[in-house]
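This is run.cif. It holds mmCIF, C-alpha atoms and all ligand atoms.
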data_work
loop_
_atom_site.label_atom_id
_atom_site.label_comp_id
_atom_site.auth_asym_id
_atom_site.auth_seq_id
_atom_site.Cartn_x
_atom_site.Cartn_y
_atom_site.Cartn_z
CA THR A 1 160.45 85.18 155.13
CA GLY A 2 159.65 86.20 151.60
CA GLU A 3 159.78 82.72 150.19
CA MET A 4 157.59 81.97 147.22
CA PRO A 5 154.96 79.29 147.75
CA PRO A 6 155.98 76.03 146.02
CA ARG A 7 154.69 75.76 142.50
CA LYS A 8 152.28 73.02 141.56
CA ARG A 9 153.72 70.12 139.63
CA VAL A 10 152.07 67.87 137.06
CA LEU A 11 153.26 64.80 135.21
CA LEU A 12 151.72 64.25 131.80
CA LYS A 13 151.85 60.75 130.35
CA VAL A 14 151.81 60.89 126.56
CA SER A 15 151.24 57.52 124.94
CA GLY A 16 153.18 56.70 121.82
CA GLU A 17 149.89 56.34 119.97
CA ALA A 18 148.99 59.94 120.80
CA LEU A 19 151.95 61.02 118.64
CA MET A 20 150.68 59.19 115.55
CA GLY A 21 147.89 61.71 114.96
CA SER A 22 145.65 60.18 112.34
CA GLY A 23 148.44 57.90 111.13
CA ALA A 24 148.80 54.20 111.93
CA TYR A 25 152.49 54.12 112.83
CA GLY A 26 155.34 56.39 113.80
CA VAL A 27 155.12 60.07 114.49
CA ASP A 28 153.04 62.85 113.01
CA GLN A 29 155.12 66.01 113.23
CA GLN A 30 152.14 68.35 113.40
CA THR A 31 150.61 66.39 116.26
CA VAL A 32 153.87 66.54 118.22
CA GLU A 33 154.05 70.30 117.68
CA ARG A 34 150.46 70.75 118.78
CA ILE A 35 151.06 68.77 121.99
CA ALA A 36 154.17 70.88 122.63
CA ALA A 37 152.09 74.05 122.25
CA ASP A 38 149.60 72.69 124.79
CA VAL A 39 152.44 71.89 127.20
CA ALA A 40 153.80 75.43 126.73
CA GLU A 41 150.42 76.90 127.66
CA VAL A 42 150.35 74.89 130.90
CA VAL A 43 153.94 75.88 131.76
CA ARG A 44 153.10 79.56 131.15
CA SER A 45 150.07 79.29 133.41
CA GLY A 46 152.49 78.56 136.27
CA TRP A 47 152.74 74.78 136.50
CA GLU A 48 155.95 72.79 136.64
CA VAL A 49 155.51 70.12 133.99
CA CYS A 50 157.28 66.82 133.40
CA LEU A 51 156.44 64.17 130.82
CA VAL A 52 156.65 60.44 130.45
CA VAL A 53 156.34 59.31 126.87
CA GLY A 54 155.38 55.84 125.64
CA GLY A 55 156.66 53.96 122.63
CA GLY A 56 153.69 51.96 121.39
CA ASN A 57 153.63 53.88 118.09
CA ILE A 58 156.95 52.24 117.24
CA PHE A 59 157.45 49.03 119.21
CA ARG A 60 155.80 47.04 121.98
CA GLY A 61 157.57 44.19 123.74
CA LEU A 62 154.37 42.32 124.51
CA ALA A 63 153.17 42.36 120.90
CA ALA A 64 156.58 41.12 119.72
CA ALA A 65 156.57 38.37 122.37
CA ALA A 66 153.18 37.20 121.07
CA LYS A 67 154.93 36.58 117.74
CA GLY A 68 157.72 34.61 119.36
CA MET A 69 160.30 37.23 120.31
CA ASP A 70 161.98 37.02 123.70
CA ARG A 71 159.92 39.26 125.97
CA ALA A 72 162.74 41.04 127.78
CA GLN A 73 164.59 41.72 124.52
CA GLY A 74 161.40 43.10 122.99
CA ASP A 75 160.85 45.27 126.04
CA TYR A 76 164.30 46.79 125.71
CA ALA A 77 163.51 47.62 122.09
CA GLY A 78 160.24 49.17 123.31
CA MET A 79 162.12 51.31 125.82
CA LEU A 80 164.42 52.55 123.04
CA ALA A 81 161.31 53.51 121.08
CA THR A 82 160.31 55.84 123.92
CA VAL A 83 163.70 57.55 123.62
CA ILE A 84 163.04 58.33 119.95
CA ASN A 85 159.69 59.86 120.91
CA ALA A 86 161.33 61.81 123.73
CA LEU A 87 163.85 63.40 121.35
CA LEU A 88 161.08 64.44 118.96
CA LEU A 89 159.05 65.93 121.80
CA GLN A 90 162.11 67.74 123.12
CA ASN A 91 162.67 69.28 119.72
CA ALA A 92 159.06 70.46 119.53
CA LEU A 93 159.14 71.86 123.08
CA GLU A 94 162.29 73.81 122.28
CA GLY A 95 160.41 75.17 119.29
CA GLN A 96 158.05 76.65 121.89
CA ASP A 97 161.06 78.25 123.65
CA LEU A 98 160.73 75.91 126.60
CA PRO A 99 163.97 74.80 128.27
CA THR A 100 163.78 71.00 128.18
CA ARG A 101 165.82 68.04 129.40
CA VAL A 102 165.52 64.40 128.42
CA MET A 103 166.46 62.03 131.23
CA SER A 104 166.77 58.39 130.28
CA ALA A 105 166.39 55.41 132.59
CA ILE A 106 168.82 53.58 130.29
CA GLY A 107 172.25 55.16 129.93
CA MET A 108 172.55 57.00 126.63
CA SER A 109 174.98 59.76 127.45
CA ALA A 110 175.38 61.20 123.95
CA ILE A 111 171.72 62.18 123.65
CA ALA A 112 170.14 62.24 127.11
CA GLU A 113 171.06 62.79 130.73
CA PRO A 114 170.96 59.77 132.98
CA TYR A 115 167.95 59.76 135.26
CA ILE A 116 169.00 61.03 138.69
CA ARG A 117 166.05 61.91 140.88
CA ARG A 118 167.56 64.86 142.69
CA ARG A 119 168.82 66.36 139.47
CA ALA A 120 165.40 65.98 137.90
CA VAL A 121 163.83 67.83 140.83
CA ARG A 122 166.37 70.62 140.38
CA HIS A 123 165.54 70.91 136.66
CA MET A 124 161.87 71.23 137.53
CA GLU A 125 162.50 73.87 140.18
CA LYS A 126 164.34 75.86 137.53
CA GLY A 127 161.28 75.69 135.29
CA ARG A 128 162.63 73.17 132.80
CA VAL A 129 160.32 70.63 131.25
CA VAL A 130 161.77 67.19 132.00
CA ILE A 131 160.97 64.32 129.65
CA PHE A 132 161.48 60.94 131.26
CA ALA A 133 162.52 58.42 128.61
CA ALA A 134 163.10 54.64 128.58
CA GLY A 135 160.26 53.95 130.99
CA THR A 136 161.42 52.47 134.27
CA GLY A 137 164.53 51.01 132.60
CA ASN A 138 163.24 47.50 133.32
CA PRO A 139 161.55 44.97 131.08
CA PHE A 140 158.11 43.65 132.09
CA PHE A 141 156.96 47.15 132.99
CA THR A 142 155.02 49.77 131.05
CA THR A 143 155.39 53.49 130.63
CA ASP A 144 152.16 53.88 132.64
CA THR A 145 153.98 52.40 135.61
CA ALA A 146 156.95 54.64 134.81
CA ALA A 147 154.55 57.60 134.86
CA ALA A 148 153.19 56.69 138.31
CA LEU A 149 156.73 56.05 139.57
CA ARG A 150 158.21 59.32 138.32
CA ALA A 151 155.16 61.30 139.46
CA ALA A 152 155.65 59.88 142.96
CA GLU A 153 159.38 60.59 142.88
CA MET A 154 158.82 64.16 141.69
CA GLU A 155 156.07 64.60 144.31
CA CYS A 156 153.65 65.70 141.62
CA ASP A 157 150.24 67.01 142.64
CA VAL A 158 148.53 65.11 139.84
CA LEU A 159 149.19 62.59 137.08
CA LEU A 160 147.47 63.20 133.77
CA LYS A 161 147.05 60.29 131.43
CA GLY A 162 146.47 61.47 127.88
CA THR A 163 144.59 58.88 125.83
CA GLN A 164 142.48 58.75 122.68
CA VAL A 165 139.23 58.73 124.69
CA ASP A 166 137.94 61.53 126.93
CA GLY A 167 137.87 59.44 130.09
CA VAL A 168 137.00 56.04 131.47
CA TYR A 169 133.75 54.49 130.21
CA SER A 170 131.51 51.70 131.48
CA ALA A 171 132.03 49.96 128.11
CA ASP A 172 133.93 50.70 124.90
CA PRO A 173 132.17 53.84 123.60
CA LYS A 174 133.27 53.01 120.04
CA HIS A 175 131.26 49.78 120.08
CA ASP A 176 128.58 50.23 122.73
CA PRO A 177 126.26 53.27 122.41
CA SER A 178 125.01 52.78 126.00
CA ALA A 179 128.53 53.33 127.40
CA VAL A 180 128.73 56.18 129.94
CA ARG A 181 131.76 58.13 131.08
CA TYR A 182 132.58 58.05 134.77
CA GLU A 183 133.23 61.46 136.36
CA GLU A 184 135.08 59.93 139.27
CA LEU A 185 136.37 56.50 140.26
CA THR A 186 138.38 55.19 143.17
CA TYR A 187 141.63 53.31 142.65
CA MET A 188 139.80 50.27 144.02
CA ASP A 189 136.98 50.64 141.43
CA VAL A 190 139.60 50.50 138.70
CA LEU A 191 141.45 47.55 140.22
CA SER A 192 138.49 45.38 141.18
CA ASN A 193 136.49 46.00 137.99
CA GLN A 194 139.62 45.62 135.87
CA LEU A 195 138.82 48.83 134.03
CA SER A 196 141.38 49.30 131.29
CA VAL A 197 142.83 52.64 132.35
CA MET A 198 146.39 51.88 133.34
CA ASP A 199 147.92 48.59 134.41
CA ALA A 200 147.42 47.44 138.00
CA ALA A 201 151.02 48.20 138.98
CA ALA A 202 150.55 51.86 137.99
CA ILE A 203 147.20 52.17 139.78
CA SER A 204 148.58 50.54 142.95
CA LEU A 205 151.56 52.88 142.98
CA ALA A 206 149.30 55.92 142.56
CA ARG A 207 147.01 54.65 145.31
CA GLU A 208 149.84 54.09 147.79
CA ASN A 209 151.10 57.59 147.14
CA ARG A 210 147.66 59.29 147.07
CA LEU A 211 148.41 60.57 143.60
CA PRO A 212 145.24 61.61 141.76
CA ILE A 213 145.04 60.43 138.14
CA ILE A 214 143.09 62.28 135.48
CA VAL A 215 142.29 60.50 132.22
CA PHE A 216 141.52 62.75 129.25
CA ASN A 217 141.67 62.90 125.47
CA ILE A 218 145.02 64.34 124.45
CA GLY A 219 144.01 64.01 120.79
CA GLU A 220 141.74 67.03 121.31
CA PRO A 221 143.73 70.24 120.70
CA GLY A 222 143.93 72.41 123.83
CA SER A 223 142.66 69.65 126.10
CA PHE A 224 145.72 69.55 128.38
CA PRO A 225 145.45 73.26 129.40
CA ARG A 226 141.67 72.94 129.68
CA VAL A 227 141.90 69.97 132.03
CA MET A 228 144.47 71.86 134.12
CA ARG A 229 141.87 74.63 134.51
CA GLY A 230 139.42 72.01 135.76
CA GLU A 231 137.34 71.92 132.59
CA GLY A 232 136.06 68.54 131.40
CA PRO A 233 135.49 66.12 129.94
CA PHE A 234 137.73 63.81 131.94
CA THR A 235 137.61 61.05 134.54
CA ARG A 236 139.24 61.57 137.91
CA ILE A 237 140.63 58.59 139.83
CA ILE A 238 141.22 59.23 143.54
N1 LIG A 301 158.76 49.17 128.33
C1 LIG A 301 159.42 48.40 129.28
N2 LIG A 301 159.62 48.90 130.54
C2 LIG A 301 159.14 50.11 130.94
C3 LIG A 301 158.43 50.88 129.99
C4 LIG A 301 158.26 50.39 128.70
O1 LIG A 301 159.85 47.30 128.97
O2 LIG A 301 159.36 50.51 132.09
C5 LIG A 301 158.63 48.68 126.94
C6 LIG A 301 157.50 47.70 126.71
O3 LIG A 301 157.93 46.75 125.78
C7 LIG A 301 156.41 48.56 126.09
C8 LIG A 301 157.23 49.54 125.27
O4 LIG A 301 158.39 49.77 126.07
O5 LIG A 301 155.57 47.80 125.29
C9 LIG A 301 156.53 50.84 124.94
O6 LIG A 301 155.92 51.38 126.09
P1 LIG A 301 154.32 51.41 126.28
O7 LIG A 301 153.71 50.21 125.63
O8 LIG A 301 154.05 51.61 127.72
O9 LIG A 301 153.98 52.70 125.46
P2 LIG A 301 152.55 53.40 125.16
O10 LIG A 301 151.48 52.34 125.20
O11 LIG A 301 152.35 54.41 126.21
O12 LIG A 301 152.74 54.02 123.83
#
Exercise: express the given structure as structure tokens:
Amino acid sequence: TGEMPPRKRVLLKVSGEALMGSGAYGVDQQTVERIAADVAEVVRSGWEVCLVVGGGNIFRGLAAAAKGMDRAQGDYAGMLATVINALLLQNALEGQDLPTRVMSAIGMSAIAEPYIRRRAVRHMEKGRVVIFAAGTGNPFFTTDTAAALRAAEMECDVLLKGTQVDGVYSADPKHDPSAVRYEELTYMDVLSNQLSVMDAAAISLARENRLPIIVFNIGEPGSFPRVMRGEGPFTRII
């Protein structure tokens, strides 16, 4: 039959911090618009794209718990922070003429669709950019784990983790000049050496589902489309 081959699908995890730009808190509008332009380029090159966005630029449950707040309550506040970021990203993506849906793991029917896996798949097949908000919907998890979970559910070919560094290093490159960037690591390397890439739950989930992870610097304009063309720098975890 004349069926089209299935399109490739990528999940991009955008940390809350990536939205701050050079600021120390909140959201830098220009940075959000630039990331949206990068997403648009990847969509126009033929990929189906979905996003998981973090909330660390606004609120983190763990940091609040360290100051005495109830952890679960803080985590719910953190999940709401991701919804704020999702709405700002949606606005910027629509500015790029990309049809976009926000799907929230926590019911919020006035501003976002509820997350329903099969409906999300349908959105993606229609070429819409789906932003997954509110993490997994559960406290004690992170948006990295949400990213691995949604990527597995959407049967993505690859999970891209956008950070402030251009990959995984042997030491902190900001403090140790001898630090080297790894080209490739196994999931086990990351787990057993406790490399700070993503939390162990996220890495385990990716490993079980044979989902390759690519860590790259999303703070670098144009890096997302470049990485999708196979151009470095980045670290691949397989
Ligand atoms: N969070 C949560 N469950 C999830 C995802 C996130 O409780 O499934 C909360 C948690 O408090 C976290 C905050 O939301 O600190 C913001 O997410 P995260 O720290 O992962 O954001 P990022 O570091 O990517 O900006």
Edge lengths and centre in Å to one decimal, as AutoDock Vina command-line options, of the axis-aligned box that encloses all listed atoms of ligand LIG 301 (chain A) with 3 Å added on every side?
--center_x 155.7 --center_y 50.6 --center_z 128.0 --size_x 14.4 --size_y 13.7 --size_z 14.3
So, counting all atoms listed in the file, which residue among A:Gly61, A:Gly107, A:Gly167, A:Gly232 is closest to ligand LIG 301 (chain A)?
A:Gly61
Using all atoms listed in the file, which protein or nucleic acid residues are at most 10 Å from ligand LIG 301 (chain A), as JSON, numbers by chain?
{"A": [13, 14, 15, 16, 17, 18, 19, 20, 52, 53, 54, 55, 56, 57, 58, 59, 60, 61, 62, 63, 64, 65, 71, 72, 73, 74, 75, 76, 77, 78, 79, 80, 81, 82, 83, 85, 105, 133, 134, 135, 136, 137, 138, 139, 140, 141, 142, 143, 144, 145, 146, 147, 149, 161, 162, 163, 198, 199]}
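Between Glu125 in chain A and the candidates A:Val227, A:Ala40, A:Val49, A:Ala202, the tightest atom-to-atom separation, counting only C-alpha atoms, involves A:Val49.
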What is the distance, in Å and to one decimal place, between CA of Val43 in chain A and CA of Glu113 in chain A?
21.6 Å
Tell me which protein, DNA and RNA residues are within 12 Å of Arg226 in chain A, counting only C-alpha atoms, leaving out same-chain ones fewer than 2 positions away, and put them as an MDAnalysis selection string.
chainID A and resid 38:39 41:42 45 216:218 220:224 228:234
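Across A:Val130, A:Gln194, A:Arg236, A:Val180, the tightest approach to Gln90 in chain A is made by A:Val130 when counting all atoms listed in the file.
CA of Trp47 in chain A is found 23.2 Å from CA of Glu184 in chain A.
Interatomic distance, CA of Ala152 in chain A to CA of Ala206 in chain A: 7.5 Å.
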Looking at only C-alpha atoms, which of A:Met124, A:Phe132, A:Tyr25, A:Ala86 is the one that sits closest to Ser104 in chain A?
A:Phe132
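Residue nearest Pro225 in chain A, chosen from A:Leu12, A:Val32, A:Ala148, A:Val27 and counting all atoms listed in the file: A:Leu12.
Around the point (142.0, 62.0, 141.4), within 6 Å and counting all atoms listed in the file, we find these residues: A:Pro212, A:Ile213, A:Arg236, A:Ile237, A:Ile238.
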Compare A:Leu191, A:Ala179, A:Val158, A:Met108 by their minimum atom-to-atom distance to Leu211 in chain A, counting all atoms listed in the file, and give me the closest one.
A:Val158
Might you pull out every residue within 10 Å of range 153-155 of chain A, with all atoms listed in the file counted and same-chain residues fewer than 5 positions away left off, and present them as a compact mmCIF listing (two decimals) with C-alpha atoms, in the frame of the given file?
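Output file out-v3.txt follows:
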# COMPACT_ATOMS: atom_id res chain seq x y z
CA LYS A 8 152.28 73.02 141.56
CA ARG A 9 153.72 70.12 139.63
CA VAL A 10 152.07 67.87 137.06
CA LEU A 11 153.26 64.80 135.21
CA CYS A 50 157.28 66.82 133.40
CA ARG A 117 166.05 61.91 140.88
CA ARG A 118 167.56 64.86 142.69
CA ALA A 120 165.40 65.98 137.90
CA VAL A 121 163.83 67.83 140.83
CA MET A 124 161.87 71.23 137.53
CA ALA A 147 154.55 57.60 134.86
CA ALA A 148 153.19 56.69 138.31
CA ASN A 209 151.10 57.59 147.14
CA LEU A 211 148.41 60.57 143.60
Neighbours of Val197 in chain A within 8 Å (all atoms listed in the file; same-chain residues fewer than 5 positions away dropped), as a CSV table (one decimal) with C-alpha atoms, keeping the file's coordinate frame?
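File produced: part_13.csv:
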chain,number,residue,atom,x,y,z
A,168,VAL,CA,137.0,56.0,131.5
A,190,VAL,CA,139.6,50.5,138.7
A,215,VAL,CA,142.3,60.5,132.2
